[in-house]
Amino acid sequence: MSLVATHADRASEREIASRFVKARLGFEAISAYPGALPESLSQAYAIQDQAIALWPGEVRGWKLGRIPDPLVQRYGADRLAGPIFSGNIWPMIDDDNGVAVPVINGGFAAVEAEYLIRINRDVSPDERSWTREEAVDLIDEVLTGIELAGSPLSLINDLGPAVTASDFGNNAGLIVGKRVEDGIARLDDLECRMLIEGGEVGRGRAGNLPGGPLQALVFLLDLHARRGISLRAGDLISTGAVTGVHRIEAGQRALADFGTDGSIACHARAADADAGDSS
């Protein structure tokens, strides 16, 4: 099969991307994948690239998600990536209700307790073959966070990693918490748990992710080099769901408990076209 995308391929990618972007901007659920399912991550990222170009806002972060072990060989990677847009990055609110996060009625929404890495300088895709030691030098600080996973497509995670990657990696936003003291030195040992409506739904240790959060950063740097994507100073990298992915519905409250490093609260609200800026 030819590795060169045809005009038909690109038209199909644009159509899928346009449908997802329109649904996200209109807070509209879609019942089925809007086109042929991507069979590879390269196809998925081609759709993602088209959607990024259509979105009315700038990318100021990236999320990493795990690919299940049985699928790693098939997709040639143990992680996938998706963009986080500036208008969907929210500072934590220090009260019991926390940040109101928008969820699409009939779509997918979940909360994930994560550790975030802020990048200290611009990174060109011409910089290739990153080592863990080189990646450490890019870290400005480590912070706590909650990724809001979300998509207009409720079944997004059931259709495989390529589908997930094609729709912004199933990201809908990021809540940024507090700086983790000595975060670089403690990176693999950091622990947290997630509660929804007061009940614990998951707990974990950052080092339990494959290679830990630092390997997530190396993965993203290598992926961006291949995709020709730059990082900018101040960009946030959400390194992976430490406690798992936990679905949330409008009206529910969640709390990510990072122990001595604090906690972040949020509550889900039904999104609508008048809900505000999501650029």
# chains A, B, ... in the order shown; residues from 1 in each chain; ligands from 1
>>> closest_atom_pairs(of="region 148-173 of chain A", to="region 42-52 of chain A", cutoff="7 Å", atoms="only C-alpha atoms", output="JSON lines")
{"residue": "A:Ala162", "atom": "CA", "partner": "A:Ala44", "partner_atom": "CA", "distance": 5.3}
{"residue": "A:Val163", "atom": "CA", "partner": "A:Ala44", "partner_atom": "CA", "distance": 6.6}
{"residue": "A:Ala165", "atom": "CA", "partner": "A:Ala44", "partner_atom": "CA", "distance": 5.7}
{"residue": "A:Ser166", "atom": "CA", "partner": "A:Ala44", "partner_atom": "CA", "distance": 4.3}
{"residue": "A:Asp167", "atom": "CA", "partner": "A:Gln48", "partner_atom": "CA", "distance": 6.2}
{"residue": "A:Phe168", "atom": "CA", "partner": "A:Gln48", "partner_atom": "CA", "distance": 6.0}
>>> write_last_selection(atoms="N, CA, C and O atoms", output="tab-separated table (two decimals), in the first residue's frame")
chain	number	residue	atom	x	y	z
A	162	ALA	N	-6.40	4.23	17.97
A	162	ALA	CA	-6.34	5.14	16.82
A	162	ALA	C	-7.55	6.07	16.80
A	162	ALA	O	-7.42	7.26	16.49
A	163	VAL	N	-8.71	5.54	17.12
A	163	VAL	CA	-9.90	6.39	17.21
A	163	VAL	C	-9.73	7.42	18.30
A	163	VAL	O	-10.02	8.61	18.13
A	165	ALA	N	-6.94	8.68	19.52
A	165	ALA	CA	-5.96	9.68	19.10
A	165	ALA	C	-6.53	10.64	18.08
A	165	ALA	O	-6.20	11.83	18.08
A	166	SER	N	-7.40	10.16	17.22
A	166	SER	CA	-7.91	11.01	16.14
A	166	SER	C	-8.74	12.17	16.65
A	166	SER	O	-8.79	13.23	16.03
A	167	ASP	N	-9.43	12.00	17.78
A	167	ASP	CA	-10.24	13.07	18.36
A	167	ASP	C	-9.53	13.69	19.56
A	167	ASP	O	-9.92	13.52	20.71
A	168	PHE	N	-8.44	14.41	19.25
A	168	PHE	CA	-7.67	15.14	20.27
A	168	PHE	C	-7.21	14.25	21.42
A	168	PHE	O	-7.00	14.72	22.54
>>> closest_atom_pairs(of="region 184-268 of chain A", to="region 115-122 of chain A", cutoff="8 Å", atoms="only C-alpha atoms", output="JSON lines")
{"residue": "A:Ala206", "atom": "CA", "partner": "A:Tyr115", "partner_atom": "CA", "distance": 7.6}
{"residue": "A:Pro213", "atom": "CA", "partner": "A:Tyr115", "partner_atom": "CA", "distance": 7.6}
{"residue": "A:Ser230", "atom": "CA", "partner": "A:Asp122", "partner_atom": "CA", "distance": 7.3}
{"residue": "A:Leu231", "atom": "CA", "partner": "A:Asp122", "partner_atom": "CA", "distance": 5.5}
{"residue": "A:Arg232", "atom": "CA", "partner": "A:Asp122", "partner_atom": "CA", "distance": 4.1}
{"residue": "A:Ala233", "atom": "CA", "partner": "A:Arg121", "partner_atom": "CA", "distance": 4.0}
{"residue": "A:Gly234", "atom": "CA", "partner": "A:Ile119", "partner_atom": "CA", "distance": 5.2}
{"residue": "A:Asp235", "atom": "CA", "partner": "A:Ile119", "partner_atom": "CA", "distance": 5.5}
{"residue": "A:Leu236", "atom": "CA", "partner": "A:Arg118", "partner_atom": "CA", "distance": 4.6}
{"residue": "A:Ile237", "atom": "CA", "partner": "A:Ile117", "partner_atom": "CA", "distance": 5.0}
{"residue": "A:Ser238", "atom": "CA", "partner": "A:Leu116", "partner_atom": "CA", "distance": 4.6}
{"residue": "A:Thr239", "atom": "CA", "partner": "A:Leu116", "partner_atom": "CA", "distance": 6.0}
{"residue": "A:Gly240", "atom": "CA", "partner": "A:Tyr115", "partner_atom": "CA", "distance": 7.4}
{"residue": "A:Val242", "atom": "CA", "partner": "A:Tyr115", "partner_atom": "CA", "distance": 7.9}
>>> closest_residue(among="A:Asp222, A:Glu197, A:Asp126, A:Glu58", to="Ile248 (chain A)", atoms="only C-alpha atoms")
A:Glu197
>>> residues_around(residues="Arg132 (chain A)", least_positions_apart="3", cutoff="8 Å", atoms="only C-alpha atoms", output="VMD selection string")
chain A and resid 135 to 136 214 to 215 218
>>> closest_atom_pairs(of="region 54-84 of chain A", to="region 10-28 of chain A", cutoff="10 Å", atoms="only C-alpha atoms", output="CSV")
residue,atom,partner,partner_atom,distance
A:Leu54,CA,A:Val21,CA,7.1
A:Trp55,CA,A:Val21,CA,6.7
A:Pro56,CA,A:Leu25,CA,9.3
>>> select_by_dssp(residues="region 76-190 of chain A", states="helix (DSSP H, G or I)", output="VMD selection string")
chain A and resid 86 to 88 132 to 136 156 to 158 161 to 166 168 to 170 183 to 189
>>> select_by_dssp(residues="region 3-189 of chain A", states="strand (DSSP E or B)", output="mmCIF file with N, CA and C atoms, in the first residue's frame")
data_model
loop_
_atom_site.group_PDB
_atom_site.id
_atom_site.type_symbol
_atom_site.label_atom_id
_atom_site.label_comp_id
_atom_site.auth_asym_id
_atom_site.auth_seq_id
_atom_site.Cartn_x
_atom_site.Cartn_y
_atom_site.Cartn_z
ATOM 1 N N ILE A 30 -22.252 12.755 19.182
ATOM 2 C CA ILE A 30 -22.413 12.031 17.926
ATOM 3 C C ILE A 30 -22.480 10.542 18.252
ATOM 4 N N VAL A 59 -2.748 25.638 20.849
ATOM 5 C CA VAL A 59 -2.329 24.511 21.676
ATOM 6 C C VAL A 59 -1.307 25.009 22.698
ATOM 7 N N ARG A 60 -1.568 24.767 23.993
ATOM 8 C CA ARG A 60 -0.604 25.129 25.025
ATOM 9 C C ARG A 60 -0.302 23.958 25.962
ATOM 10 N N GLY A 61 -0.672 22.765 25.527
ATOM 11 C CA GLY A 61 -0.361 21.579 26.308
ATOM 12 C C GLY A 61 -0.631 20.320 25.507
ATOM 13 N N TRP A 62 -0.174 19.199 26.058
ATOM 14 C CA TRP A 62 -0.380 17.898 25.424
ATOM 15 C C TRP A 62 -0.671 16.861 26.489
ATOM 16 N N LYS A 63 -1.614 15.958 26.185
ATOM 17 C CA LYS A 63 -1.889 14.855 27.095
ATOM 18 C C LYS A 63 -1.317 13.568 26.530
ATOM 19 N N LEU A 64 -0.891 12.700 27.436
ATOM 20 C CA LEU A 64 -0.432 11.362 27.070
ATOM 21 C C LEU A 64 -1.402 10.353 27.652
ATOM 22 N N GLY A 65 -1.731 9.350 26.879
ATOM 23 C CA GLY A 65 -2.577 8.268 27.355
ATOM 24 C C GLY A 65 -1.938 6.931 27.038
ATOM 25 N N ARG A 66 -2.211 5.956 27.870
ATOM 26 C CA ARG A 66 -1.649 4.619 27.673
ATOM 27 C C ARG A 66 -2.388 3.851 26.594
ATOM 28 N N ARG A 79 1.894 4.539 24.041
ATOM 29 C CA ARG A 79 1.167 5.742 24.431
ATOM 30 C C ARG A 79 0.587 6.409 23.178
ATOM 31 N N LEU A 80 -0.367 7.308 23.420
ATOM 32 C CA LEU A 80 -0.864 8.192 22.373
ATOM 33 C C LEU A 80 -0.908 9.602 22.945
ATOM 34 N N ALA A 81 -0.977 10.593 22.060
ATOM 35 C CA ALA A 81 -0.930 11.989 22.482
ATOM 36 C C ALA A 81 -2.088 12.768 21.878
ATOM 37 N N GLY A 82 -2.477 13.837 22.585
ATOM 38 C CA GLY A 82 -3.506 14.729 22.075
ATOM 39 C C GLY A 82 -3.276 16.140 22.566
ATOM 40 N N PRO A 83 -3.755 17.143 21.827
ATOM 41 C CA PRO A 83 -3.528 18.539 22.190
ATOM 42 C C PRO A 83 -4.458 19.009 23.302
ATOM 43 N N ILE A 84 -3.983 19.997 24.075
ATOM 44 C CA ILE A 84 -4.799 20.687 25.070
ATOM 45 C C ILE A 84 -4.770 22.165 24.701
ATOM 46 N N PHE A 85 -5.939 22.752 24.502
ATOM 47 C CA PHE A 85 -6.017 24.117 24.012
ATOM 48 C C PHE A 85 -6.069 25.122 25.162
ATOM 49 N N ILE A 89 -7.646 25.199 29.562
ATOM 50 C CA ILE A 89 -6.727 25.029 30.687
ATOM 51 C C ILE A 89 -7.198 25.961 31.791
ATOM 52 N N TRP A 90 -7.538 25.376 32.931
ATOM 53 C CA TRP A 90 -8.145 26.148 34.017
ATOM 54 C C TRP A 90 -7.308 26.038 35.293
ATOM 55 N N PRO A 91 -7.070 27.149 36.001
ATOM 56 C CA PRO A 91 -6.412 27.064 37.303
ATOM 57 C C PRO A 91 -7.359 26.449 38.333
ATOM 58 N N VAL A 99 -13.430 23.651 40.206
ATOM 59 C CA VAL A 99 -13.688 24.128 38.853
ATOM 60 C C VAL A 99 -14.914 23.423 38.262
ATOM 61 N N ALA A 100 -15.766 24.199 37.592
ATOM 62 C CA ALA A 100 -16.873 23.611 36.842
ATOM 63 C C ALA A 100 -16.355 23.172 35.481
ATOM 64 N N VAL A 101 -16.420 21.887 35.186
ATOM 65 C CA VAL A 101 -15.913 21.376 33.918
ATOM 66 C C VAL A 101 -17.091 20.964 33.032
ATOM 67 N N PRO A 102 -17.058 21.346 31.754
ATOM 68 C CA PRO A 102 -18.197 21.068 30.870
ATOM 69 C C PRO A 102 -18.163 19.656 30.309
ATOM 70 N N VAL A 103 -19.303 18.981 30.346
ATOM 71 C CA VAL A 103 -19.415 17.646 29.754
ATOM 72 C C VAL A 103 -20.562 17.656 28.752
ATOM 73 N N PHE A 108 -18.718 11.443 25.909
ATOM 74 C CA PHE A 108 -17.829 10.807 26.878
ATOM 75 C C PHE A 108 -17.227 11.885 27.774
ATOM 76 N N ALA A 109 -17.171 11.613 29.076
ATOM 77 C CA ALA A 109 -16.487 12.511 30.001
ATOM 78 C C ALA A 109 -15.906 11.688 31.136
ATOM 79 N N ALA A 110 -14.679 12.017 31.524
ATOM 80 C CA ALA A 110 -14.017 11.305 32.618
ATOM 81 C C ALA A 110 -12.990 12.221 33.259
ATOM 82 N N VAL A 111 -12.645 11.919 34.495
ATOM 83 C CA VAL A 111 -11.606 12.667 35.203
ATOM 84 C C VAL A 111 -10.431 11.743 35.487
ATOM 85 N N GLU A 112 -9.233 12.321 35.404
ATOM 86 C CA GLU A 112 -8.005 11.556 35.612
ATOM 87 C C GLU A 112 -7.057 12.385 36.471
ATOM 88 N N ALA A 113 -6.598 11.829 37.575
ATOM 89 C CA ALA A 113 -5.582 12.488 38.396
ATOM 90 C C ALA A 113 -4.228 12.315 37.718
ATOM 91 N N GLU A 114 -3.528 13.418 37.488
ATOM 92 C CA GLU A 114 -2.284 13.368 36.716
ATOM 93 C C GLU A 114 -1.224 14.284 37.328
ATOM 94 N N TYR A 115 0.025 14.015 36.968
ATOM 95 C CA TYR A 115 1.124 14.921 37.279
ATOM 96 C C TYR A 115 1.541 15.614 35.995
ATOM 97 N N LEU A 116 1.690 16.936 36.091
ATOM 98 C CA LEU A 116 1.965 17.768 34.928
ATOM 99 C C LEU A 116 3.406 18.226 34.929
ATOM 100 N N ILE A 117 3.977 18.319 33.746
ATOM 101 C CA ILE A 117 5.325 18.860 33.556
ATOM 102 C C ILE A 117 5.206 20.141 32.744
ATOM 103 N N ARG A 118 5.766 21.234 33.279
ATOM 104 C CA ARG A 118 5.822 22.482 32.525
ATOM 105 C C ARG A 118 7.190 22.588 31.864
ATOM 106 N N ILE A 119 7.185 22.888 30.566
ATOM 107 C CA ILE A 119 8.410 22.966 29.772
ATOM 108 C C ILE A 119 9.067 24.337 29.950
ATOM 109 N N VAL A 123 11.053 24.016 22.084
ATOM 110 C CA VAL A 123 11.689 22.798 21.573
ATOM 111 C C VAL A 123 11.309 22.633 20.109
ATOM 112 N N ILE A 139 12.480 20.376 32.128
ATOM 113 C CA ILE A 139 11.402 20.518 33.106
ATOM 114 C C ILE A 139 11.590 21.782 33.927
ATOM 115 N N ASP A 140 10.608 22.680 33.836
ATOM 116 C CA ASP A 140 10.593 23.876 34.666
ATOM 117 C C ASP A 140 10.066 23.534 36.056
ATOM 118 N N GLU A 141 8.929 22.823 36.114
ATOM 119 C CA GLU A 141 8.351 22.413 37.385
ATOM 120 C C GLU A 141 7.368 21.276 37.148
ATOM 121 N N VAL A 142 7.065 20.582 38.240
ATOM 122 C CA VAL A 142 6.062 19.522 38.253
ATOM 123 C C VAL A 142 4.864 20.039 39.049
ATOM 124 N N LEU A 143 3.672 19.810 38.539
ATOM 125 C CA LEU A 143 2.463 20.272 39.201
ATOM 126 C C LEU A 143 1.443 19.141 39.292
ATOM 127 N N THR A 144 0.490 19.295 40.185
ATOM 128 C CA THR A 144 -0.640 18.380 40.229
ATOM 129 C C THR A 144 -1.673 18.824 39.197
ATOM 130 N N GLY A 145 -2.534 17.905 38.793
ATOM 131 C CA GLY A 145 -3.543 18.278 37.814
ATOM 132 C C GLY A 145 -4.643 17.242 37.689
ATOM 133 N N ILE A 146 -5.725 17.659 37.069
ATOM 134 C CA ILE A 146 -6.794 16.751 36.653
ATOM 135 C C ILE A 146 -6.983 16.939 35.156
ATOM 136 N N GLU A 147 -6.847 15.855 34.398
ATOM 137 C CA GLU A 147 -7.246 15.929 33.000
ATOM 138 C C GLU A 147 -8.731 15.626 32.896
ATOM 139 N N LEU A 148 -9.460 16.478 32.188
ATOM 140 C CA LEU A 148 -10.823 16.168 31.807
ATOM 141 C C LEU A 148 -10.763 15.472 30.453
ATOM 142 N N ALA A 149 -10.988 14.172 30.466
ATOM 143 C CA ALA A 149 -11.099 13.450 29.208
ATOM 144 C C ALA A 149 -12.497 13.688 28.667
ATOM 145 N N GLY A 150 -12.618 13.876 27.358
ATOM 146 C CA GLY A 150 -13.941 14.128 26.831
ATOM 147 C C GLY A 150 -13.989 14.094 25.323
ATOM 148 N N SER A 151 -15.150 13.691 24.821
ATOM 149 C CA SER A 151 -15.370 13.589 23.379
ATOM 150 C C SER A 151 -16.869 13.633 23.111
ATOM 151 N N LEU A 153 -18.162 11.631 21.203
ATOM 152 C CA LEU A 153 -18.441 10.227 20.895
ATOM 153 C C LEU A 153 -18.334 9.394 22.170
ATOM 154 N N ASN A 171 -9.216 14.377 24.807
ATOM 155 C CA ASN A 171 -9.022 15.421 25.819
ATOM 156 C C ASN A 171 -10.071 16.508 25.671
ATOM 157 N N ALA A 172 -10.550 17.009 26.826
ATOM 158 C CA ALA A 172 -11.492 18.132 26.823
ATOM 159 C C ALA A 172 -11.036 19.261 27.726
ATOM 160 N N GLY A 173 -9.914 19.086 28.421
ATOM 161 C CA GLY A 173 -9.435 20.166 29.269
ATOM 162 C C GLY A 173 -8.462 19.697 30.327
ATOM 163 N N LEU A 174 -7.928 20.665 31.061
ATOM 164 C CA LEU A 174 -6.913 20.385 32.072
ATOM 165 C C LEU A 174 -7.054 21.383 33.214
ATOM 166 N N ILE A 175 -7.155 20.883 34.428
ATOM 167 C CA ILE A 175 -7.132 21.724 35.625
ATOM 168 C C ILE A 175 -5.714 21.679 36.192
ATOM 169 N N VAL A 176 -5.124 22.848 36.388
ATOM 170 C CA VAL A 176 -3.740 22.939 36.852
ATOM 171 C C VAL A 176 -3.722 23.226 38.341
ATOM 172 N N GLY A 177 -3.050 22.334 39.087
ATOM 173 C CA GLY A 177 -2.962 22.475 40.526
ATOM 174 C C GLY A 177 -1.679 23.151 40.972
ATOM 175 N N LYS A 178 -1.212 22.758 42.137
ATOM 176 C CA LYS A 178 -0.070 23.402 42.773
ATOM 177 C C LYS A 178 1.259 22.759 42.371
ATOM 178 N N ARG A 179 2.296 23.542 42.543
ATOM 179 C CA ARG A 179 3.651 23.047 42.294
ATOM 180 C C ARG A 179 3.989 21.963 43.302
#
>>> residues_around(residues="Asp94 (chain A)", least_positions_apart="4", cutoff="9 Å", atoms="only C-alpha atoms", output="list in words")
Gly98, Val99, Ser263, Ile264 and Ala265 of chain A
>>> write_last_selection(atoms="N, CA, C and O atoms", output="PDB file, in the first residue's frame")
ATOM      1  N   GLY A  98     -14.771  23.424  43.567  1.00  0.00           N
ATOM      2  CA  GLY A  98     -13.698  23.510  42.595  1.00  0.00           C
ATOM      3  C   GLY A  98     -14.170  24.022  41.241  1.00  0.00           C
ATOM      4  O   GLY A  98     -15.177  24.719  41.119  1.00  0.00           O
ATOM      5  N   VAL A  99     -13.430  23.651  40.206  1.00  0.00           N
ATOM      6  CA  VAL A  99     -13.688  24.128  38.853  1.00  0.00           C
ATOM      7  C   VAL A  99     -14.914  23.423  38.262  1.00  0.00           C
ATOM      8  O   VAL A  99     -15.075  22.212  38.415  1.00  0.00           O
ATOM      9  N   SER A 263      -4.774  18.918  47.006  1.00  0.00           N
ATOM     10  CA  SER A 263      -5.889  18.274  46.322  1.00  0.00           C
ATOM     11  C   SER A 263      -6.517  19.261  45.341  1.00  0.00           C
ATOM     12  O   SER A 263      -6.317  20.476  45.438  1.00  0.00           O
ATOM     13  N   ILE A 264      -7.276  18.719  44.395  1.00  0.00           N
ATOM     14  CA  ILE A 264      -7.984  19.524  43.404  1.00  0.00           C
ATOM     15  C   ILE A 264      -9.412  19.010  43.318  1.00  0.00           C
ATOM     16  O   ILE A 264      -9.643  17.815  43.137  1.00  0.00           O
ATOM     17  N   ALA A 265     -10.381  19.923  43.448  1.00  0.00           N
ATOM     18  CA  ALA A 265     -11.791  19.571  43.323  1.00  0.00           C
ATOM     19  C   ALA A 265     -12.338  20.094  42.004  1.00  0.00           C
ATOM     20  O   ALA A 265     -11.870  21.097  41.460  1.00  0.00           O
TER      21      ALA A 265
END
>>> atom_distance(atom1="CA of Gly57 (chain A)", atom2="CA of His224 (chain A)")
19.3 Å
>>> residues_around(residues="Arg128 (chain A)", least_positions_apart="2", cutoff="10 Å", atoms="only C-alpha atoms", output="list in words")
Ser124, Pro125, Asp126, Trp130, Thr131, Leu221, Asp222, Leu223, His224, Ala225 and Arg226 of chain A
>>> atom_distance(atom1="CA of Ala268 (chain A)", atom2="CA of Ala256 (chain A)")
13.8 Å
